[in-house]
Amino acid sequence: SAAASAAAASAALLEAREAATAAAAPIALSVADIERVLGPPRFEPRRDVARRITKPGIALGLAATVFGGETLFVEVEQVAGKGAVQMTGNIKEVMQESVKAALTWIRANVAELGLAKTASEALLNTTDLHIHFPEGATPKDGPSAGVTITTALTSLLTGRLVRNDVAMTGEITLRGLVLPVGGIKEKVVAAHRAGVRTVLLPQANEKDLRELPQKVLDEMQFELVSDVREVIRAALVPADVTEAEAAGSASGDGSEPATDDGRQVPLSHPLPSVPTGVP
């Protein structure tokens, strides 16, 4: 019958298609093959981060936007002046308040930070600070850059580099407490996308790690903090490591820098990390 003939033809066609698919050899493409077709990579996120954090006063924060998470650099520089503070980078009122809170905490803890009395007096009276948030065309607001601002300021004033393999987020109080913030999933994914594998998060945001994709969780380390002193201890390169020694990490290959004698330099004394397999 016509129906039987049509069914037989359909079955034969399907069998032929499956045979052709099975016979086709898989195509293997190397990185060089892809670059020949698409051109060289436009961005190398991990190397870009490492190259930007090459002197004291620069730290990497995280932000959540309507389009997802983004990395947020904070840069601080000091010049001779009268204690003025200048803020640039299209930041709004709440973020300006974070800058003021960070400055007050540092001024109240100069001795603990190892700043001499003369240095603290210079900070208050004879030094102007310029705090800049790059990508000025993008408006920035919210309290979550508090820990990043504090870290960048502490880095500049103590002369200690910030680790280029660490990103952070969290609001701070005048007493140095680190408060929870929103957008944790988006921020951590942004850090992962940038090639950064360690993120400092407020202790109270631990529950938000459950929202992360398992692939991201498996490749990240999280250090949960409740006080800005913990952030500084985890984020800054140890005081006994010189700027030249730490510069070896700017290659962005994930390895620790080495001194001239070949000694590996630990980038920090890390806090206990949260296991990647968050229940």
# chains A, B, ... in the order shown; residues from 1 in each chain; ligands from 1
>>> residues_around(residues="range 93-102 of chain A", least_positions_apart="2", cutoff="7 Å", atoms="only C-alpha atoms", output="ChimeraX atom specification")
/A:91,104-106,141-143,146,149-150,173-174
>>> residues_around(residues="Gly89 in chain A", least_positions_apart="4", cutoff="9 Å", atoms="only C-alpha atoms", output="ChimeraX atom specification")
/A:131-140
>>> select_by_dssp(residues="range 30-68 of chain A", states="strand (DSSP E)", output="ChimeraX atom specification")
/A:58-65,68
>>> residues_around(residues="Thr154 in chain A", least_positions_apart="4", cutoff="10 Å", atoms="only C-alpha atoms", output="NGL selection string")
:A and (56-58 or 76 or 102-103 or 106 or 110 or 113 or 115 or 148-150 or 158-162 or 232 or 236)
>>> select_by_dssp(residues="range 20-242 of chain A", states="alpha helix (DSSP H)", output="PyMOL selection string")
chain A and resi 20-23+31-38+45-52+93-108+117-121+146-158+184-193+214-219+228-235
>>> write_last_selection(atoms="C-alpha atoms", output="PDB file, in the first residue's frame")
ATOM      1  CA  ALA A  20      26.157   9.440   7.414  1.00  0.00           C
ATOM      2  CA  THR A  21      26.272  11.130  10.814  1.00  0.00           C
ATOM      3  CA  ALA A  22      28.116   8.213  12.393  1.00  0.00           C
ATOM      4  CA  ALA A  23      30.659   8.181   9.565  1.00  0.00           C
ATOM      5  CA  VAL A  31      43.139  27.873  19.940  1.00  0.00           C
ATOM      6  CA  ALA A  32      45.372  28.847  17.026  1.00  0.00           C
ATOM      7  CA  ASP A  33      42.680  27.727  14.556  1.00  0.00           C
ATOM      8  CA  ILE A  34      40.056  29.845  16.303  1.00  0.00           C
ATOM      9  CA  GLU A  35      42.354  32.886  16.395  1.00  0.00           C
ATOM     10  CA  ARG A  36      43.039  32.545  12.656  1.00  0.00           C
ATOM     11  CA  VAL A  37      39.297  32.740  11.990  1.00  0.00           C
ATOM     12  CA  LEU A  38      38.174  35.247  14.620  1.00  0.00           C
ATOM     13  CA  PRO A  45      40.538  39.726  31.721  1.00  0.00           C
ATOM     14  CA  ARG A  46      42.998  38.109  34.130  1.00  0.00           C
ATOM     15  CA  ARG A  47      46.010  39.876  32.647  1.00  0.00           C
ATOM     16  CA  ASP A  48      44.102  43.159  32.451  1.00  0.00           C
ATOM     17  CA  VAL A  49      43.359  43.016  36.194  1.00  0.00           C
ATOM     18  CA  ALA A  50      46.962  42.139  37.044  1.00  0.00           C
ATOM     19  CA  ARG A  51      48.341  44.961  34.917  1.00  0.00           C
ATOM     20  CA  ARG A  52      46.093  47.554  36.525  1.00  0.00           C
ATOM     21  CA  GLU A  93      25.418  60.284  46.871  1.00  0.00           C
ATOM     22  CA  VAL A  94      25.430  56.882  48.581  1.00  0.00           C
ATOM     23  CA  MET A  95      28.867  55.986  47.220  1.00  0.00           C
ATOM     24  CA  GLN A  96      30.193  59.378  48.301  1.00  0.00           C
ATOM     25  CA  GLU A  97      28.996  58.529  51.795  1.00  0.00           C
ATOM     26  CA  SER A  98      30.963  55.271  51.593  1.00  0.00           C
ATOM     27  CA  VAL A  99      34.096  57.299  50.839  1.00  0.00           C
ATOM     28  CA  LYS A 100      33.476  59.491  53.883  1.00  0.00           C
ATOM     29  CA  ALA A 101      32.889  56.466  56.128  1.00  0.00           C
ATOM     30  CA  ALA A 102      36.109  54.826  54.893  1.00  0.00           C
ATOM     31  CA  LEU A 103      38.131  57.985  55.550  1.00  0.00           C
ATOM     32  CA  THR A 104      36.708  58.367  59.043  1.00  0.00           C
ATOM     33  CA  TRP A 105      37.514  54.764  59.928  1.00  0.00           C
ATOM     34  CA  ILE A 106      41.087  55.149  58.707  1.00  0.00           C
ATOM     35  CA  ARG A 107      41.592  58.413  60.590  1.00  0.00           C
ATOM     36  CA  ALA A 108      40.275  56.774  63.761  1.00  0.00           C
ATOM     37  CA  LYS A 117      51.641  60.228  64.087  1.00  0.00           C
ATOM     38  CA  THR A 118      53.334  62.427  61.521  1.00  0.00           C
ATOM     39  CA  ALA A 119      51.723  60.433  58.724  1.00  0.00           C
ATOM     40  CA  SER A 120      48.264  60.776  60.243  1.00  0.00           C
ATOM     41  CA  GLU A 121      48.776  64.499  60.686  1.00  0.00           C
ATOM     42  CA  GLY A 146      32.859  50.493  51.127  1.00  0.00           C
ATOM     43  CA  VAL A 147      35.376  47.685  51.707  1.00  0.00           C
ATOM     44  CA  THR A 148      37.068  48.347  48.359  1.00  0.00           C
ATOM     45  CA  ILE A 149      37.457  52.056  49.086  1.00  0.00           C
ATOM     46  CA  THR A 150      38.853  51.344  52.550  1.00  0.00           C
ATOM     47  CA  THR A 151      41.286  48.799  51.152  1.00  0.00           C
ATOM     48  CA  ALA A 152      42.516  51.142  48.413  1.00  0.00           C
ATOM     49  CA  LEU A 153      43.029  53.977  50.914  1.00  0.00           C
ATOM     50  CA  THR A 154      44.846  51.723  53.375  1.00  0.00           C
ATOM     51  CA  SER A 155      47.017  50.371  50.569  1.00  0.00           C
ATOM     52  CA  LEU A 156      48.083  53.858  49.510  1.00  0.00           C
ATOM     53  CA  LEU A 157      48.786  55.163  53.006  1.00  0.00           C
ATOM     54  CA  THR A 158      50.714  52.074  54.135  1.00  0.00           C
ATOM     55  CA  ILE A 184      26.086  38.513  45.196  1.00  0.00           C
ATOM     56  CA  LYS A 185      25.393  36.081  42.352  1.00  0.00           C
ATOM     57  CA  GLU A 186      25.971  38.722  39.685  1.00  0.00           C
ATOM     58  CA  LYS A 187      29.099  40.042  41.392  1.00  0.00           C
ATOM     59  CA  VAL A 188      30.745  36.655  41.853  1.00  0.00           C
ATOM     60  CA  VAL A 189      30.013  35.712  38.241  1.00  0.00           C
ATOM     61  CA  ALA A 190      31.653  39.000  37.184  1.00  0.00           C
ATOM     62  CA  ALA A 191      34.761  38.148  39.222  1.00  0.00           C
ATOM     63  CA  HIS A 192      34.837  34.672  37.679  1.00  0.00           C
ATOM     64  CA  ARG A 193      34.499  36.164  34.202  1.00  0.00           C
ATOM     65  CA  GLN A 214      28.002  24.909  40.332  1.00  0.00           C
ATOM     66  CA  LYS A 215      30.732  25.541  37.738  1.00  0.00           C
ATOM     67  CA  VAL A 216      31.473  28.913  39.318  1.00  0.00           C
ATOM     68  CA  LEU A 217      31.387  27.488  42.847  1.00  0.00           C
ATOM     69  CA  ASP A 218      33.855  24.775  41.903  1.00  0.00           C
ATOM     70  CA  GLU A 219      36.418  27.294  40.657  1.00  0.00           C
ATOM     71  CA  VAL A 228      37.160  45.555  57.692  1.00  0.00           C
ATOM     72  CA  ARG A 229      40.371  44.534  59.473  1.00  0.00           C
ATOM     73  CA  GLU A 230      39.853  41.024  58.118  1.00  0.00           C
ATOM     74  CA  VAL A 231      39.456  42.475  54.634  1.00  0.00           C
ATOM     75  CA  ILE A 232      42.722  44.397  54.913  1.00  0.00           C
ATOM     76  CA  ARG A 233      44.583  41.381  56.263  1.00  0.00           C
ATOM     77  CA  ALA A 234      43.338  39.168  53.423  1.00  0.00           C
ATOM     78  CA  ALA A 235      43.614  41.704  50.594  1.00  0.00           C
TER      79      ALA A 235
END
>>> residues_around(residues="Gly83 in chain A", least_positions_apart="5", cutoff="6 Å", atoms="only C-alpha atoms", output="list in words")
Leu124, Asn125, Thr126, Thr127 and Asp128 of chain A
>>> closest_residue(among="A:Val74, A:Leu13, A:Leu209, A:Leu179", to="Gln221 in chain A", atoms="only C-alpha atoms")
A:Leu209
>>> atom_distance(atom1="CA of Leu72 in chain A", atom2="CA of Gly39 in chain A")
27.6 Å
